file my_file_19.cif (mmCIF, C-alpha atoms)
data_final
#
loop_
_atom_site.label_atom_id
_atom_site.label_comp_id
_atom_site.auth_asym_id
_atom_site.auth_seq_id
_atom_site.Cartn_x
_atom_site.Cartn_y
_atom_site.Cartn_z
CA MET O 1 0.00 0.00 0.00
CA GLN O 2 2.81 2.42 0.86
CA THR O 3 4.47 1.67 -2.49
CA TYR O 4 1.22 2.55 -4.27
CA TYR O 5 1.10 5.96 -2.59
CA TRP O 6 4.71 6.67 -3.56
CA ILE O 7 4.03 5.67 -7.16
CA THR O 8 1.00 7.98 -7.22
CA LEU O 9 2.96 10.87 -5.71
CA VAL O 10 6.00 10.55 -8.00
CA SER O 11 3.98 10.01 -11.18
CA THR O 12 1.72 12.97 -10.32
CA LEU O 13 4.73 15.25 -9.79
CA LEU O 14 6.29 14.11 -13.06
CA ALA O 15 3.01 14.78 -14.90
CA TYR O 16 2.91 18.28 -13.41
CA CYS O 17 6.45 18.91 -14.67
CA VAL O 18 5.50 17.74 -18.17
CA GLY O 19 2.45 19.99 -18.10
CA SER O 20 4.64 22.88 -17.00
CA LEU O 21 6.55 22.84 -20.30
CA SER O 22 5.01 25.82 -22.11
CA SER O 23 4.54 24.70 -25.72
CA ALA O 24 3.81 28.25 -26.89
CA VAL O 25 6.92 29.80 -25.33
CA ILE O 26 9.22 26.96 -26.43
CA THR O 27 7.81 26.84 -29.98
CA CYS O 28 8.10 30.60 -30.44
CA LYS O 29 11.66 30.59 -29.12
CA ILE O 30 12.74 27.80 -31.50
CA MET O 31 11.03 29.49 -34.47
CA GLY O 32 12.50 32.89 -33.67
CA LEU O 33 9.15 34.47 -32.80
CA PRO O 34 8.40 36.90 -29.95
CA ASP O 35 7.46 35.57 -26.53
CA PRO O 36 3.67 34.98 -26.66
CA ARG O 37 3.34 36.39 -23.16
CA SER O 38 4.35 39.79 -24.55
CA GLN O 39 2.16 39.67 -27.66
CA GLY O 40 -1.58 39.92 -28.36
CA SER O 41 -3.63 38.75 -25.39
CA GLY O 42 -0.51 37.69 -23.52
CA ASN O 43 -1.84 34.15 -23.23
CA PRO O 44 0.74 31.42 -24.01
CA GLY O 45 -1.62 29.33 -26.09
CA ALA O 46 -2.22 28.31 -29.70
CA THR O 47 -4.89 30.96 -30.41
CA ASN O 48 -2.62 33.82 -29.37
CA VAL O 49 0.35 32.32 -31.24
CA LEU O 50 -1.83 32.19 -34.37
CA ARG O 51 -2.41 35.93 -34.14
CA PHE O 52 1.23 36.91 -34.52
CA GLY O 53 3.14 33.74 -35.41
CA GLY O 54 1.03 32.17 -38.13
CA LYS O 55 -0.65 28.81 -38.66
CA LYS O 56 2.47 26.61 -38.50
CA ALA O 57 3.54 27.87 -35.07
CA ALA O 58 -0.05 27.67 -33.81
CA ILE O 59 -0.53 24.09 -35.02
CA ILE O 60 2.75 22.98 -33.40
CA THR O 61 1.74 24.70 -30.15
CA LEU O 62 -1.71 23.12 -30.21
CA ALA O 63 -0.35 19.63 -30.92
CA CYS O 64 2.25 19.88 -28.15
CA ASP O 65 -0.34 21.16 -25.66
CA VAL O 66 -2.58 18.19 -26.43
CA LEU O 67 0.30 15.70 -26.29
CA LYS O 68 1.60 16.87 -22.94
CA GLY O 69 -1.83 16.09 -21.52
CA MET O 70 -2.11 12.75 -23.30
CA LEU O 71 1.34 11.22 -22.86
CA PRO O 72 1.56 11.10 -19.04
CA VAL O 73 -1.83 9.38 -18.89
CA ILE O 74 -1.05 6.96 -21.73
CA ILE O 75 2.28 5.98 -20.15
CA ALA O 76 0.59 5.49 -16.77
CA LYS O 77 -2.07 3.32 -18.42
CA PHE O 78 0.66 1.25 -20.07
CA PHE O 79 2.06 0.45 -16.63
CA GLY O 80 -1.39 -0.50 -15.39
CA LEU O 81 -1.83 2.21 -12.78
CA ALA O 82 -5.20 2.45 -11.01
CA PRO O 83 -7.98 4.91 -12.04
CA PHE O 84 -7.36 7.09 -8.96
CA THR O 85 -3.70 7.50 -9.93
CA LEU O 86 -4.61 8.13 -13.57
CA ALA O 87 -7.01 10.87 -12.46
CA CYS O 88 -4.29 12.48 -10.33
CA ILE O 89 -1.81 12.35 -13.22
CA ALA O 90 -4.30 13.89 -15.66
CA PHE O 91 -5.17 16.73 -13.32
CA ALA O 92 -1.50 17.38 -12.51
CA ALA O 93 -0.58 17.69 -16.20
CA PHE O 94 -3.49 20.10 -16.71
CA LEU O 95 -2.54 22.11 -13.62
CA GLY O 96 1.05 22.31 -14.85
CA HIS O 97 -0.15 24.02 -18.03
CA LEU O 98 -2.17 26.55 -16.06
CA TYR O 99 0.48 27.21 -13.43
CA PRO O 100 3.86 26.10 -14.88
CA VAL O 101 6.69 25.88 -12.36
CA PHE O 102 9.24 26.59 -15.12
CA PHE O 103 7.55 29.82 -16.25
CA LYS O 104 6.79 31.65 -12.99
CA PHE O 105 3.38 29.91 -12.69
CA LYS O 106 1.96 31.98 -15.57
CA GLY O 107 0.42 29.56 -18.06
CA GLY O 108 -2.34 29.25 -20.61
CA LYS O 109 -6.05 28.62 -20.33
CA GLY O 110 -5.72 24.85 -20.61
CA VAL O 111 -8.31 23.88 -23.23
CA ALA O 112 -5.99 21.79 -25.44
CA THR O 113 -4.18 20.17 -22.51
CA ALA O 114 -7.45 19.34 -20.76
CA PHE O 115 -8.67 17.70 -23.95
CA GLY O 116 -5.45 15.69 -24.19
CA CYS O 117 -5.82 14.49 -20.60
CA LEU O 118 -9.48 13.54 -20.94
CA VAL O 119 -9.24 11.81 -24.31
CA ALA O 120 -6.37 9.72 -22.92
CA LEU O 121 -8.50 8.77 -19.91
CA SER O 122 -11.52 7.90 -22.08
CA TRP O 123 -11.74 8.30 -25.85
CA PRO O 124 -15.59 8.50 -25.87
CA LEU O 125 -15.34 11.32 -23.32
CA GLY O 126 -12.71 13.14 -25.38
CA LEU O 127 -14.59 12.76 -28.65
CA SER O 128 -17.83 13.99 -27.06
CA ILE O 129 -16.06 17.11 -25.82
CA LEU O 130 -14.45 17.70 -29.22
CA ALA O 131 -17.77 17.24 -31.02
CA THR O 132 -19.41 19.76 -28.69
CA TRP O 133 -16.66 22.30 -29.35
CA ILE O 134 -16.87 21.83 -33.13
CA VAL O 135 -20.66 22.14 -33.26
CA MET O 136 -20.68 25.26 -31.07
CA THR O 137 -17.90 26.84 -33.14
CA ILE O 138 -19.80 26.20 -36.38
CA LEU O 139 -23.00 27.64 -34.89
CA PHE O 140 -21.59 30.69 -33.09
CA ARG O 141 -18.02 31.13 -34.44
CA TYR O 142 -16.64 32.01 -31.02
CA SER O 143 -13.77 29.73 -29.95
CA SER O 144 -13.99 30.89 -26.34
CA LEU O 145 -17.77 30.38 -26.14
CA SER O 146 -17.36 26.90 -27.61
CA ALA O 147 -14.71 26.09 -25.00
CA LEU O 148 -16.95 27.37 -22.20
CA ILE O 149 -19.95 25.33 -23.35
CA ALA O 150 -17.76 22.24 -23.77
CA ALA O 151 -16.40 22.80 -20.25
CA LEU O 152 -19.93 23.04 -18.83
CA VAL O 153 -21.04 19.71 -20.32
CA THR O 154 -17.77 17.84 -19.68
CA PRO O 155 -18.75 16.66 -16.16
CA LEU O 156 -21.98 15.21 -17.59
CA PHE O 157 -20.08 13.34 -20.29
CA ALA O 158 -17.57 12.12 -17.70
CA TRP O 159 -20.37 10.88 -15.43
CA TYR O 160 -21.96 9.01 -18.34
CA PHE O 161 -18.84 7.48 -19.88
CA THR O 162 -16.38 7.02 -17.00
CA ASN O 163 -16.05 6.55 -13.23
CA VAL O 164 -16.27 8.71 -10.14
CA TYR O 165 -12.55 9.60 -10.12
CA TYR O 166 -12.59 10.84 -13.71
CA THR O 167 -15.86 12.69 -13.13
CA ILE O 168 -14.38 14.54 -10.16
CA ILE O 169 -11.24 15.66 -11.98
CA ALA O 170 -13.27 16.52 -15.11
CA SER O 171 -15.48 18.76 -12.93
CA MET O 172 -12.40 20.41 -11.39
CA MET O 173 -10.89 20.99 -14.82
CA SER O 174 -14.13 22.50 -16.07
CA ALA O 175 -14.31 24.90 -13.13
CA LEU O 176 -10.73 26.05 -13.72
CA LEU O 177 -11.28 26.40 -17.47
CA ILE O 178 -14.27 28.65 -16.88
CA TYR O 179 -12.30 30.69 -14.35
CA ARG O 180 -9.39 31.10 -16.78
CA HIS O 181 -11.82 32.39 -19.41
CA LYS O 182 -13.18 35.19 -17.22
CA ARG O 183 -11.83 37.89 -19.53
CA ASN O 184 -13.40 36.15 -22.54
CA ILE O 185 -16.71 35.99 -20.69
CA GLN O 186 -16.56 39.74 -20.13
CA ASN O 187 -15.73 40.32 -23.81
CA LEU O 188 -18.61 38.07 -24.91
CA LEU O 189 -21.06 39.96 -22.71
CA GLN O 190 -19.78 43.27 -24.08
CA GLY O 191 -19.73 42.08 -27.69
CA LYS O 192 -15.96 42.55 -27.96
CA GLU O 193 -14.88 38.93 -28.43
CA ASP O 194 -13.29 38.06 -31.77
CA LYS O 195 -14.97 35.43 -33.92
CA VAL O 196 -13.12 32.53 -35.49
CA GLY O 197 -11.64 33.62 -38.84
CA THR O 198 -11.84 37.30 -37.97
CA LYS O 199 -8.54 39.15 -37.89
CA LYS O 200 -7.86 41.10 -34.73
CA LYS O 201 -8.00 44.83 -35.29
CA VAL O 202 -4.74 46.68 -34.60
#
call {"tool": "encode", "arguments": {"input": "my_file_19.cif", "output": "structure tokens"}}
result
Amino acid sequence: MQTYYWITLVSTLLAYCVGSLSSAVITCKIMGLPDPRSQGSGNPGATNVLRFGGKKAAIITLACDVLKGMLPVIIAKFFGLAPFTLACIAFAAFLGHLYPVFFKFKGGKGVATAFGCLVALSWPLGLSILATWIVMTILFRYSSLSALIAALVTPLFAWYFTNVYYTIIASMMSALLIYRHKRNIQNLLQGKEDKVGTKKKV
């Protein structure tokens, strides 16, 4: 039993460290682009990178954000770790993206990393979340609104498709995602939020 707790603790800390690797900052540095924290919205995420760095940098950032949520969970599953430990690992990777220890605890909003974590825990859960985001984006053309709606329904999907541990961490992720989008919520209410495909006015 004591060994199990140590495995959970160590694997959770490692997942947090993986999540703390800022894909946006690292990608921009390698590609010779400005630090995303000093450009646009200041958010180190794929959407902000797209604004000033182009599609290639944004796609790389998005893929890496998803992978750093997926890989810790997939590796843990490979070693047969229990659902409780998998839930801890997933949440730690997500938390690392939001509050990265390597970047002064100033991270992104966590949408891509949360998706990576959840799809690795349960592919039906992940696909349901992705489908919700896509449908809402097509209907309303607001990426942030789509992410917020997807976050709201994620606990319901988790309850239907998974277990109590995954449902709890999915609910915690959703709450944090909504909190991290507080500025977007204000912009949506004021009609200032940019739509998908609309260039930001300078």
call {"tool": "resolve_selection", "arguments": {"input": "my_file_19.cif", "expression": "the PyMOL selection byres ((chain O and resi 120) around 10)", "output": "list in words"}}
result
Val66, Leu67, Gly69, Met70, Leu71, Pro72, Val73, Ile74, Ile75, Lys77, Leu86, Ala90, Ala114, Phe115, Gly116, Cys117, Leu118, Val119, Leu121, Ser122, Trp123, Pro124, Leu125 and Gly126 of chain O
call {"tool": "write_last_selection", "arguments": {"input": "my_file_19.cif", "atoms": "C-alpha atoms", "output": "PDB file, in the frame of the given file"}}
result
ATOM      1  CA  VAL O  66      -2.580  18.190 -26.430  1.00  0.00           C
ATOM      2  CA  LEU O  67       0.300  15.700 -26.290  1.00  0.00           C
ATOM      3  CA  GLY O  69      -1.830  16.090 -21.520  1.00  0.00           C
ATOM      4  CA  MET O  70      -2.110  12.750 -23.300  1.00  0.00           C
ATOM      5  CA  LEU O  71       1.340  11.220 -22.860  1.00  0.00           C
ATOM      6  CA  PRO O  72       1.560  11.100 -19.040  1.00  0.00           C
ATOM      7  CA  VAL O  73      -1.830   9.380 -18.890  1.00  0.00           C
ATOM      8  CA  ILE O  74      -1.050   6.960 -21.730  1.00  0.00           C
ATOM      9  CA  ILE O  75       2.280   5.980 -20.150  1.00  0.00           C
ATOM     10  CA  LYS O  77      -2.070   3.320 -18.420  1.00  0.00           C
ATOM     11  CA  LEU O  86      -4.610   8.130 -13.570  1.00  0.00           C
ATOM     12  CA  ALA O  90      -4.300  13.890 -15.660  1.00  0.00           C
ATOM     13  CA  ALA O 114      -7.450  19.340 -20.760  1.00  0.00           C
ATOM     14  CA  PHE O 115      -8.670  17.700 -23.950  1.00  0.00           C
ATOM     15  CA  GLY O 116      -5.450  15.690 -24.190  1.00  0.00           C
ATOM     16  CA  CYS O 117      -5.820  14.490 -20.600  1.00  0.00           C
ATOM     17  CA  LEU O 118      -9.480  13.540 -20.940  1.00  0.00           C
ATOM     18  CA  VAL O 119      -9.240  11.810 -24.310  1.00  0.00           C
ATOM     19  CA  LEU O 121      -8.500   8.770 -19.910  1.00  0.00           C
ATOM     20  CA  SER O 122     -11.520   7.900 -22.080  1.00  0.00           C
ATOM     21  CA  TRP O 123     -11.740   8.300 -25.850  1.00  0.00           C
ATOM     22  CA  PRO O 124     -15.590   8.500 -25.870  1.00  0.00           C
ATOM     23  CA  LEU O 125     -15.340  11.320 -23.320  1.00  0.00           C
ATOM     24  CA  GLY O 126     -12.710  13.140 -25.380  1.00  0.00           C
TER      25      GLY O 126
END
call {"tool": "closest_residue", "arguments": {"input": "my_file_19.cif", "among": "O:Gln2, O:Ser23, O:Ser11, O:Gln186", "to": "Gly107 of chain O", "atoms": "only C-alpha atoms"}}
result
O:Ser23
call {"tool": "resolve_selection", "arguments": {"input": "my_file_19.cif", "expression": "the PyMOL selection byres ((chain O and resi 96) around 7)", "output": "ChimeraX atom specification"}}
result
/O:16-17,19-20,92-95,97-100
call {"tool": "residues_around", "arguments": {"input": "my_file_19.cif", "residues": "Thr61 of chain O", "least_positions_apart": "5", "cutoff": "8 Å", "atoms": "all atoms listed in the file", "output": "PyMOL selection string"}}
result
chain O and resi 23-24+27+45-46+49
call {"tool": "closest_residue", "arguments": {"input": "my_file_19.cif", "among": "O:Leu127, O:Val101, O:Ala82, O:Leu33", "to": "Ala15 of chain O", "atoms": "all atoms listed in the file"}}
result
O:Val101
call {"tool": "resolve_selection", "arguments": {"input": "my_file_19.cif", "expression": "the PyMOL selection byres ((chain O and resi 39) around 10)", "output": "list in words"}}
result
Pro34, Asp35, Pro36, Arg37, Ser38, Gly40, Ser41, Gly42, Asn43, Pro44, Asn48, Val49, Arg51, Phe52 and Gly53 of chain O
call {"tool": "decode", "arguments": {"input": "my_file_19.cif", "residues": "segment 38-50 of chain O", "atoms": "C-alpha atoms", "output": "PDB file, in the first residue's frame"}}
result
ATOM      1  CA  SER O  38       4.355  39.792 -24.549  1.00  0.00           C
ATOM      2  CA  GLN O  39       2.156  39.670 -27.662  1.00  0.00           C
ATOM      3  CA  GLY O  40      -1.580  39.918 -28.356  1.00  0.00           C
ATOM      4  CA  SER O  41      -3.634  38.755 -25.392  1.00  0.00           C
ATOM      5  CA  GLY O  42      -0.505  37.688 -23.515  1.00  0.00           C
ATOM      6  CA  ASN O  43      -1.838  34.146 -23.234  1.00  0.00           C
ATOM      7  CA  PRO O  44       0.740  31.420 -24.009  1.00  0.00           C
ATOM      8  CA  GLY O  45      -1.620  29.330 -26.088  1.00  0.00           C
ATOM      9  CA  ALA O  46      -2.216  28.315 -29.705  1.00  0.00           C
ATOM     10  CA  THR O  47      -4.890  30.957 -30.411  1.00  0.00           C
ATOM     11  CA  ASN O  48      -2.624  33.819 -29.374  1.00  0.00           C
ATOM     12  CA  VAL O  49       0.349  32.322 -31.243  1.00  0.00           C
ATOM     13  CA  LEU O  50      -1.835  32.191 -34.372  1.00  0.00           C
TER      14      LEU O  50
END
